[in-house]
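> Sharing entry_39.cif (mmCIF, N, CA and C atoms) below.
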```cif
data_start
loop_
_atom_site.label_atom_id
_atom_site.label_comp_id
_atom_site.auth_asym_id
_atom_site.auth_seq_id
_atom_site.Cartn_x
_atom_site.Cartn_y
_atom_site.Cartn_z
N MET A 24 226.45 6.13 115.35
CA MET A 24 226.84 4.83 115.88
C MET A 24 225.82 3.79 115.44
N LEU A 25 226.30 2.62 115.16
CA LEU A 25 225.43 1.53 114.72
C LEU A 25 224.65 0.94 115.89
N ASP A 26 223.40 0.60 115.66
CA ASP A 26 222.67 -0.08 116.73
C ASP A 26 223.09 -1.56 116.74
N ILE A 27 222.61 -2.28 117.69
CA ILE A 27 223.07 -3.65 117.92
C ILE A 27 222.77 -4.58 116.74
N HIS A 28 221.67 -4.34 116.07
CA HIS A 28 221.29 -5.18 114.93
C HIS A 28 222.22 -4.93 113.74
N GLU A 29 222.61 -3.69 113.54
CA GLU A 29 223.55 -3.37 112.47
C GLU A 29 224.95 -3.85 112.80
N ARG A 30 225.32 -3.87 114.08
CA ARG A 30 226.62 -4.41 114.47
C ARG A 30 226.69 -5.91 114.21
N LEU A 31 225.55 -6.60 114.38
CA LEU A 31 225.51 -8.03 114.06
C LEU A 31 225.76 -8.23 112.57
N LEU A 32 225.21 -7.38 111.74
CA LEU A 32 225.44 -7.46 110.30
C LEU A 32 226.89 -7.10 109.96
N ALA A 33 227.49 -6.20 110.72
CA ALA A 33 228.87 -5.78 110.45
C ALA A 33 229.89 -6.89 110.73
N VAL A 34 229.55 -7.84 111.60
CA VAL A 34 230.51 -8.91 111.93
C VAL A 34 230.94 -9.68 110.68
N PRO A 35 230.05 -10.17 109.83
CA PRO A 35 230.53 -10.86 108.62
C PRO A 35 230.91 -9.92 107.48
N LEU A 36 230.36 -8.71 107.45
CA LEU A 36 230.63 -7.81 106.32
C LEU A 36 232.00 -7.13 106.41
N LEU A 37 232.47 -6.83 107.61
CA LEU A 37 233.74 -6.13 107.74
C LEU A 37 234.93 -6.92 107.18
N PRO A 38 235.06 -8.22 107.45
CA PRO A 38 236.17 -8.96 106.82
C PRO A 38 236.07 -8.99 105.29
N LEU A 39 234.87 -9.02 104.77
CA LEU A 39 234.70 -8.98 103.31
C LEU A 39 235.18 -7.64 102.76
N VAL A 40 234.83 -6.55 103.42
CA VAL A 40 235.29 -5.23 103.01
C VAL A 40 236.82 -5.15 103.11
N GLY A 41 237.38 -5.72 104.17
CA GLY A 41 238.83 -5.73 104.33
C GLY A 41 239.53 -6.48 103.21
N ALA A 42 238.96 -7.60 102.77
CA ALA A 42 239.54 -8.36 101.67
C ALA A 42 239.50 -7.57 100.37
N LEU A 43 238.39 -6.88 100.13
CA LEU A 43 238.30 -6.06 98.92
C LEU A 43 239.30 -4.90 98.95
N LEU A 44 239.45 -4.28 100.11
CA LEU A 44 240.42 -3.19 100.22
C LEU A 44 241.85 -3.69 100.09
N CYS A 45 242.14 -4.88 100.58
CA CYS A 45 243.47 -5.46 100.39
C CYS A 45 243.78 -5.66 98.92
N ALA A 46 242.79 -6.10 98.16
CA ALA A 46 242.99 -6.26 96.72
C ALA A 46 243.28 -4.91 96.06
N LEU A 47 242.58 -3.87 96.49
CA LEU A 47 242.84 -2.54 95.94
C LEU A 47 244.21 -2.01 96.34
N PHE A 48 244.58 -2.21 97.59
CA PHE A 48 245.88 -1.74 98.07
C PHE A 48 247.01 -2.49 97.35
N GLY A 49 246.82 -3.77 97.12
CA GLY A 49 247.85 -4.56 96.44
C GLY A 49 248.02 -4.19 94.99
N ALA A 50 247.00 -3.61 94.39
CA ALA A 50 247.06 -3.22 92.98
C ALA A 50 247.76 -1.88 92.77
N VAL A 51 247.87 -1.08 93.80
CA VAL A 51 248.51 0.24 93.69
C VAL A 51 249.95 0.12 94.17
N LYS A 52 250.89 0.50 93.33
CA LYS A 52 252.31 0.29 93.61
C LYS A 52 252.75 0.94 94.93
N GLU A 53 252.28 2.16 95.18
CA GLU A 53 252.69 2.88 96.39
C GLU A 53 252.11 2.29 97.67
N LEU A 54 251.02 1.54 97.55
CA LEU A 54 250.35 1.00 98.74
C LEU A 54 250.62 -0.48 98.98
N LYS A 55 251.49 -1.10 98.16
CA LYS A 55 251.72 -2.55 98.29
C LYS A 55 252.26 -2.93 99.66
N SER A 56 253.08 -2.08 100.25
CA SER A 56 253.63 -2.42 101.56
C SER A 56 252.58 -2.32 102.67
N TRP A 57 251.44 -1.68 102.38
CA TRP A 57 250.35 -1.56 103.36
C TRP A 57 249.16 -2.45 103.00
N ALA A 58 249.38 -3.44 102.18
CA ALA A 58 248.28 -4.30 101.72
C ALA A 58 247.61 -5.05 102.87
N HIS A 59 248.32 -5.24 103.96
CA HIS A 59 247.78 -5.98 105.10
C HIS A 59 246.89 -5.11 106.01
N ALA A 60 247.06 -3.80 105.96
CA ALA A 60 246.39 -2.92 106.91
C ALA A 60 244.86 -3.02 106.89
N PRO A 61 244.20 -3.05 105.72
CA PRO A 61 242.73 -3.17 105.77
C PRO A 61 242.25 -4.48 106.38
N ALA A 62 242.98 -5.56 106.14
CA ALA A 62 242.57 -6.85 106.70
C ALA A 62 242.66 -6.83 108.22
N VAL A 63 243.74 -6.27 108.74
CA VAL A 63 243.91 -6.21 110.20
C VAL A 63 242.86 -5.30 110.83
N LEU A 64 242.66 -4.13 110.24
CA LEU A 64 241.69 -3.18 110.78
C LEU A 64 240.28 -3.75 110.75
N CYS A 65 239.89 -4.33 109.64
CA CYS A 65 238.52 -4.85 109.53
C CYS A 65 238.32 -6.08 110.39
N ALA A 66 239.34 -6.92 110.55
CA ALA A 66 239.22 -8.08 111.45
C ALA A 66 239.08 -7.61 112.90
N ALA A 67 239.83 -6.57 113.27
CA ALA A 67 239.72 -6.03 114.63
C ALA A 67 238.34 -5.41 114.86
N LEU A 68 237.85 -4.65 113.88
CA LEU A 68 236.52 -4.05 114.04
C LEU A 68 235.42 -5.11 114.09
N SER A 69 235.58 -6.18 113.33
CA SER A 69 234.62 -7.27 113.39
C SER A 69 234.60 -7.92 114.77
N CYS A 70 235.78 -8.08 115.36
CA CYS A 70 235.87 -8.64 116.71
C CYS A 70 235.23 -7.70 117.74
N VAL A 71 235.43 -6.40 117.57
CA VAL A 71 234.82 -5.42 118.48
C VAL A 71 233.30 -5.46 118.35
N CYS A 72 232.80 -5.57 117.13
CA CYS A 72 231.35 -5.68 116.92
C CYS A 72 230.80 -6.95 117.57
N ALA A 73 231.54 -8.06 117.45
CA ALA A 73 231.10 -9.31 118.08
C ALA A 73 231.08 -9.17 119.60
N ILE A 74 232.07 -8.50 120.16
CA ILE A 74 232.11 -8.28 121.61
C ILE A 74 230.91 -7.44 122.05
N SER A 75 230.56 -6.42 121.28
CA SER A 75 229.42 -5.59 121.66
C SER A 75 228.10 -6.35 121.54
N VAL A 76 227.99 -7.24 120.55
CA VAL A 76 226.77 -8.06 120.42
C VAL A 76 226.66 -9.00 121.62
N VAL A 77 227.77 -9.62 122.02
CA VAL A 77 227.74 -10.54 123.16
C VAL A 77 227.46 -9.78 124.46
N ALA A 78 228.00 -8.57 124.58
CA ALA A 78 227.71 -7.75 125.78
C ALA A 78 226.22 -7.43 125.85
N GLN A 79 225.61 -7.14 124.72
CA GLN A 79 224.17 -6.88 124.68
C GLN A 79 223.39 -8.14 125.04
N LEU A 80 223.83 -9.27 124.54
CA LEU A 80 223.17 -10.54 124.89
C LEU A 80 223.26 -10.79 126.39
N HIS A 81 224.39 -10.48 126.97
CA HIS A 81 224.58 -10.70 128.41
C HIS A 81 223.67 -9.78 129.23
N GLN A 82 223.48 -8.54 128.78
CA GLN A 82 222.64 -7.59 129.51
C GLN A 82 221.16 -7.86 129.29
N GLY A 83 220.78 -8.04 128.02
CA GLY A 83 219.36 -8.16 127.69
C GLY A 83 218.83 -9.57 127.77
N GLY A 84 219.63 -10.53 127.36
CA GLY A 84 219.20 -11.91 127.42
C GLY A 84 218.40 -12.39 126.22
N THR A 85 217.86 -11.48 125.42
CA THR A 85 217.08 -11.89 124.27
C THR A 85 217.98 -11.94 123.04
N PRO A 86 217.73 -12.85 122.11
CA PRO A 86 218.56 -12.94 120.91
C PRO A 86 218.50 -11.66 120.08
N VAL A 87 219.59 -11.40 119.39
CA VAL A 87 219.70 -10.24 118.51
C VAL A 87 219.48 -10.74 117.09
N ASP A 88 218.59 -10.09 116.36
CA ASP A 88 218.26 -10.50 115.00
C ASP A 88 218.51 -9.37 114.01
N PHE A 89 218.86 -9.75 112.80
CA PHE A 89 218.91 -8.81 111.68
C PHE A 89 218.23 -9.48 110.51
N PRO A 90 217.25 -8.91 109.88
CA PRO A 90 216.63 -7.62 110.20
C PRO A 90 215.85 -7.70 111.51
N GLN A 91 215.69 -6.56 112.12
CA GLN A 91 215.14 -6.49 113.47
C GLN A 91 213.70 -7.00 113.54
N LEU A 92 212.87 -6.59 112.62
CA LEU A 92 211.47 -6.99 112.63
C LEU A 92 211.24 -8.11 111.63
N SER A 93 210.39 -9.03 111.98
CA SER A 93 210.13 -10.14 111.08
C SER A 93 209.40 -9.67 109.81
N ALA A 94 208.77 -8.50 109.87
CA ALA A 94 208.09 -7.97 108.69
C ALA A 94 209.09 -7.44 107.66
N GLU A 95 210.29 -7.10 108.10
CA GLU A 95 211.33 -6.59 107.21
C GLU A 95 212.12 -7.76 106.64
N ARG A 96 211.58 -8.43 105.69
CA ARG A 96 212.26 -9.59 105.11
C ARG A 96 213.24 -9.14 104.03
N ILE A 97 214.37 -9.79 103.98
CA ILE A 97 215.34 -9.53 102.93
C ILE A 97 215.39 -10.78 102.05
N ILE A 98 214.96 -10.64 100.82
CA ILE A 98 214.95 -11.76 99.89
C ILE A 98 216.33 -11.85 99.25
N TRP A 99 217.00 -12.99 99.45
CA TRP A 99 218.31 -13.20 98.87
C TRP A 99 218.16 -13.50 97.38
N PHE A 100 217.35 -14.50 97.08
CA PHE A 100 217.01 -14.78 95.70
C PHE A 100 215.73 -15.59 95.66
N GLY A 101 215.09 -15.58 94.53
CA GLY A 101 213.85 -16.32 94.37
C GLY A 101 213.76 -16.93 92.99
N VAL A 102 213.07 -18.05 92.91
CA VAL A 102 212.86 -18.73 91.64
C VAL A 102 211.37 -19.00 91.50
N ASP A 103 210.81 -18.54 90.40
CA ASP A 103 209.40 -18.80 90.11
C ASP A 103 209.32 -19.76 88.94
N ALA A 104 208.73 -20.90 89.18
CA ALA A 104 208.45 -21.85 88.11
C ALA A 104 206.94 -21.82 87.87
N GLN A 105 206.49 -22.59 86.95
CA GLN A 105 205.06 -22.55 86.62
C GLN A 105 204.20 -23.01 87.79
N THR A 106 204.62 -24.04 88.49
CA THR A 106 203.77 -24.57 89.56
C THR A 106 204.37 -24.41 90.94
N SER A 107 205.60 -23.95 91.02
CA SER A 107 206.23 -23.83 92.34
C SER A 107 207.00 -22.52 92.44
N ARG A 108 207.28 -22.17 93.68
CA ARG A 108 207.96 -20.92 93.94
C ARG A 108 208.95 -21.14 95.09
N LEU A 109 210.15 -20.65 94.93
CA LEU A 109 211.19 -20.76 95.95
C LEU A 109 211.69 -19.37 96.29
N MET A 110 211.60 -18.99 97.55
CA MET A 110 212.10 -17.70 98.02
C MET A 110 213.10 -17.98 99.15
N VAL A 111 214.33 -17.56 98.97
CA VAL A 111 215.36 -17.74 99.98
C VAL A 111 215.60 -16.39 100.65
N GLU A 112 215.37 -16.35 101.95
CA GLU A 112 215.50 -15.12 102.71
C GLU A 112 216.83 -15.08 103.44
N PHE A 113 217.31 -13.87 103.69
CA PHE A 113 218.55 -13.66 104.41
C PHE A 113 218.23 -13.09 105.79
N GLY A 114 218.91 -13.60 106.80
CA GLY A 114 218.75 -13.08 108.14
C GLY A 114 219.88 -13.57 109.03
N LEU A 115 220.16 -12.82 110.08
CA LEU A 115 221.17 -13.20 111.06
C LEU A 115 220.53 -13.20 112.43
N SER A 116 220.96 -14.13 113.26
CA SER A 116 220.46 -14.20 114.62
C SER A 116 221.59 -14.65 115.53
N ALA A 117 221.70 -14.00 116.68
CA ALA A 117 222.73 -14.36 117.65
C ALA A 117 222.08 -14.59 119.00
N ASP A 118 222.18 -15.81 119.49
CA ASP A 118 221.76 -16.10 120.86
C ASP A 118 223.03 -16.30 121.70
N HIS A 119 222.90 -16.85 122.88
CA HIS A 119 224.07 -16.98 123.76
C HIS A 119 225.13 -17.91 123.18
N LEU A 120 224.73 -19.06 122.66
CA LEU A 120 225.70 -19.98 122.07
C LEU A 120 226.31 -19.39 120.80
N GLY A 121 225.50 -18.77 119.97
CA GLY A 121 226.01 -18.11 118.77
C GLY A 121 226.96 -16.97 119.11
N GLY A 122 226.70 -16.29 120.20
CA GLY A 122 227.59 -15.22 120.65
C GLY A 122 228.96 -15.73 121.03
N ILE A 123 228.99 -16.87 121.71
CA ILE A 123 230.28 -17.48 122.06
C ILE A 123 231.04 -17.87 120.80
N MET A 124 230.33 -18.39 119.81
CA MET A 124 230.96 -18.74 118.55
C MET A 124 231.46 -17.48 117.83
N LEU A 125 230.68 -16.40 117.86
CA LEU A 125 231.13 -15.13 117.27
C LEU A 125 232.43 -14.66 117.90
N LEU A 126 232.50 -14.73 119.22
CA LEU A 126 233.72 -14.31 119.91
C LEU A 126 234.91 -15.17 119.51
N GLY A 127 234.71 -16.48 119.52
CA GLY A 127 235.81 -17.39 119.20
C GLY A 127 236.31 -17.21 117.78
N VAL A 128 235.40 -17.16 116.84
CA VAL A 128 235.79 -17.07 115.43
C VAL A 128 236.44 -15.72 115.12
N THR A 129 235.86 -14.63 115.60
CA THR A 129 236.42 -13.32 115.26
C THR A 129 237.74 -13.06 116.00
N PHE A 130 237.85 -13.51 117.24
CA PHE A 130 239.09 -13.30 118.00
C PHE A 130 240.24 -14.11 117.40
N ILE A 131 240.00 -15.38 117.15
CA ILE A 131 241.05 -16.22 116.56
C ILE A 131 241.35 -15.78 115.13
N GLY A 132 240.32 -15.40 114.38
CA GLY A 132 240.53 -14.90 113.02
C GLY A 132 241.39 -13.65 113.00
N PHE A 133 241.18 -12.75 113.96
CA PHE A 133 242.00 -11.55 114.05
C PHE A 133 243.47 -11.92 114.24
N TRP A 134 243.75 -12.85 115.15
CA TRP A 134 245.14 -13.22 115.39
C TRP A 134 245.75 -13.98 114.22
N ILE A 135 244.95 -14.71 113.48
CA ILE A 135 245.46 -15.36 112.27
C ILE A 135 245.92 -14.31 111.27
N VAL A 136 245.13 -13.26 111.12
CA VAL A 136 245.50 -12.18 110.20
C VAL A 136 246.78 -11.50 110.67
N VAL A 137 246.88 -11.23 111.97
CA VAL A 137 248.07 -10.55 112.50
C VAL A 137 249.32 -11.39 112.30
N PHE A 138 249.27 -12.68 112.63
CA PHE A 138 250.45 -13.52 112.49
C PHE A 138 250.79 -13.83 111.04
N SER A 139 249.81 -13.77 110.15
CA SER A 139 250.11 -14.03 108.74
C SER A 139 250.90 -12.89 108.11
N ILE A 140 250.85 -11.70 108.71
CA ILE A 140 251.65 -10.58 108.21
C ILE A 140 253.14 -10.93 108.31
N GLY A 141 253.55 -11.43 109.46
CA GLY A 141 254.94 -11.82 109.65
C GLY A 141 255.33 -13.00 108.76
N TYR A 142 254.40 -13.90 108.55
CA TYR A 142 254.68 -15.06 107.71
C TYR A 142 254.88 -14.65 106.26
N MET A 143 254.09 -13.68 105.79
CA MET A 143 254.13 -13.26 104.39
C MET A 143 255.18 -12.17 104.12
N LYS A 144 255.75 -11.58 105.17
CA LYS A 144 256.72 -10.50 105.00
C LYS A 144 257.91 -10.99 104.16
N GLY A 145 258.27 -10.21 103.16
CA GLY A 145 259.39 -10.55 102.30
C GLY A 145 259.02 -11.46 101.14
N SER A 146 257.79 -11.95 101.12
CA SER A 146 257.36 -12.80 100.03
C SER A 146 257.03 -11.95 98.80
N PRO A 147 257.33 -12.44 97.61
CA PRO A 147 256.98 -11.66 96.42
C PRO A 147 255.46 -11.54 96.24
N GLY A 148 254.69 -12.40 96.86
CA GLY A 148 253.24 -12.33 96.76
C GLY A 148 252.57 -11.57 97.88
N PHE A 149 253.35 -10.78 98.65
CA PHE A 149 252.78 -10.06 99.79
C PHE A 149 251.69 -9.06 99.35
N ALA A 150 251.84 -8.49 98.17
CA ALA A 150 250.83 -7.54 97.70
C ALA A 150 249.50 -8.22 97.42
N ARG A 151 249.51 -9.53 97.18
CA ARG A 151 248.25 -10.26 96.97
C ARG A 151 247.68 -10.75 98.29
N TYR A 152 248.27 -10.37 99.36
CA TYR A 152 247.91 -10.78 100.72
C TYR A 152 246.42 -10.75 100.88
#
```
Show this structure as structure tokens.


Amino acid sequence: MLDIHERLLAVPLLPLVGALLCALFGAVKELKSWAHAPAVLCAALSCVCAISVVAQLHQGGTPVDFPQLSAERIIWFGVDAQTSRLMVEFGLSADHLGGIMLLGVTFIGFWIVVFSIGYMKGSPGFARY
């Protein structure tokens, strides 16, 4: 099972994985009718992860960060010039207000995905869903 910090990372990564799987499902002739399934599943799992992060915030009260320790820096990209240096770090943090936003965005996003299935049904571009 993922710990709370990894679940915070899973909130934005799961929809991305779902989109990639939808592209793969749409490319295979036998799976075209199921092209929507990865998007729905990953959107639902992202919402569940957001709910668990907010539940942890409600119990513990302290913000949830990824990476957990400040010593564990994740460098997104860096640029070294002769006289200057730019390092862009990646990190996620969820406090109480951010948790409410996580709930709103993932819950509404899940329902957008669900209702778009009915909207796209019968369309020749459904496999590109």

> DSSP says strand (DSSP E) for which residues of chain A? Put them as a ChimeraX atom specification?

/A:87-89,97-103,108-113,115-117

> For the structure provided, state which residues fall under the PyMOL selection byres ((chain A and resi 85-90) around 7), and present them as a tab-separated table (two decimals) with N, CA and C atoms, keeping the file's coordinate frame.


```tsv
chain	number	residue	atom	x	y	z
A	27	ILE	N	222.61	-2.28	117.69
A	27	ILE	CA	223.07	-3.65	117.92
A	27	ILE	C	222.77	-4.58	116.74
A	28	HIS	N	221.67	-4.34	116.07
A	28	HIS	CA	221.29	-5.18	114.93
A	28	HIS	C	222.22	-4.93	113.74
A	29	GLU	N	222.61	-3.69	113.54
A	29	GLU	CA	223.55	-3.37	112.47
A	29	GLU	C	224.95	-3.85	112.80
A	31	LEU	N	225.55	-6.60	114.38
A	31	LEU	CA	225.51	-8.03	114.06
A	31	LEU	C	225.76	-8.23	112.57
A	32	LEU	N	225.21	-7.38	111.74
A	32	LEU	CA	225.44	-7.46	110.30
A	32	LEU	C	226.89	-7.10	109.96
A	79	GLN	N	225.61	-7.14	124.72
A	79	GLN	CA	224.17	-6.88	124.68
A	79	GLN	C	223.39	-8.14	125.04
A	80	LEU	N	223.83	-9.27	124.54
A	80	LEU	CA	223.17	-10.54	124.89
A	80	LEU	C	223.26	-10.79	126.39
A	81	HIS	N	224.39	-10.48	126.97
A	81	HIS	CA	224.58	-10.70	128.41
A	81	HIS	C	223.67	-9.78	129.23
A	82	GLN	N	223.48	-8.54	128.78
A	82	GLN	CA	222.64	-7.59	129.51
A	82	GLN	C	221.16	-7.86	129.29
A	83	GLY	N	220.78	-8.04	128.02
A	83	GLY	CA	219.36	-8.16	127.69
A	83	GLY	C	218.83	-9.57	127.77
A	84	GLY	N	219.63	-10.53	127.36
A	84	GLY	CA	219.20	-11.91	127.42
A	84	GLY	C	218.40	-12.39	126.22
A	91	GLN	N	215.69	-6.56	112.12
A	91	GLN	CA	215.14	-6.49	113.47
A	91	GLN	C	213.70	-7.00	113.54
A	92	LEU	N	212.87	-6.59	112.62
A	92	LEU	CA	211.47	-6.99	112.63
A	92	LEU	C	211.24	-8.11	111.63
A	93	SER	N	210.39	-9.03	111.98
A	93	SER	CA	210.13	-10.14	111.08
A	93	SER	C	209.40	-9.67	109.81
A	95	GLU	N	210.29	-7.10	108.10
A	95	GLU	CA	211.33	-6.59	107.21
A	95	GLU	C	212.12	-7.76	106.64
A	96	ARG	N	211.58	-8.43	105.69
A	96	ARG	CA	212.26	-9.59	105.11
A	96	ARG	C	213.24	-9.14	104.03
A	97	ILE	N	214.37	-9.79	103.98
A	97	ILE	CA	215.34	-9.53	102.93
A	97	ILE	C	215.39	-10.78	102.05
A	113	PHE	N	217.31	-13.87	103.69
A	113	PHE	CA	218.55	-13.66	104.41
A	113	PHE	C	218.23	-13.09	105.79
A	114	GLY	N	218.91	-13.60	106.80
A	114	GLY	CA	218.75	-13.08	108.14
A	114	GLY	C	219.88	-13.57	109.03
A	115	LEU	N	220.16	-12.82	110.08
A	115	LEU	CA	221.17	-13.20	111.06
A	115	LEU	C	220.53	-13.20	112.43
A	116	SER	N	220.96	-14.13	113.26
A	116	SER	CA	220.46	-14.20	114.62
A	116	SER	C	221.59	-14.65	115.53
A	117	ALA	N	221.70	-14.00	116.68
A	117	ALA	CA	222.73	-14.36	117.65
A	117	ALA	C	222.08	-14.59	119.00
A	118	ASP	N	222.18	-15.81	119.49
A	118	ASP	CA	221.76	-16.10	120.86
A	118	ASP	C	223.03	-16.30	121.70
A	119	HIS	N	222.90	-16.85	122.88
A	119	HIS	CA	224.07	-16.98	123.76
A	119	HIS	C	225.13	-17.91	123.18
```

> Do you have the CA of Val34 (chain A)-CA of Leu120 (chain A) distance handy?

15.8 Å

> Quote the spacing between atom N of Gly148 (chain A) and CA of Pro35 (chain A) in Å to one decimal place.

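Computing it gives 26.9 Å between the two atoms.
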
> Taking the file as I've supplied it (selection: the PyMOL selection byres ((chain A and resi 133-139) around 8)), which residues are included? Please answer as a list in words.

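On the file shown, the PyMOL selection byres ((chain A and resi 133-139) around 8) covers His59, Ala62, Val63, Cys65, Ala66, Ala67, Cys70, Gly127, Val128, Thr129, Phe130, Ile131, Gly132, Ile140, Gly141, Tyr142, Met143 and Lys144 of chain A.
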
> Report, in Å to a single decimal, how far apart CA of Val111 (chain A) and atom N of Leu126 (chain A) are.

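The value is 25.9 Å.
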
> Let me make sure I understand: among A:Met24, A:Ala104, A:Ala50, A:Ile98, which one has the smallest atom-to-atom distance to Cys72 (chain A) if we use only C-alpha atoms?

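Comparing A:Met24, A:Ala104, A:Ala50, A:Ile98 against Cys72 (chain A), the winner is A:Met24.
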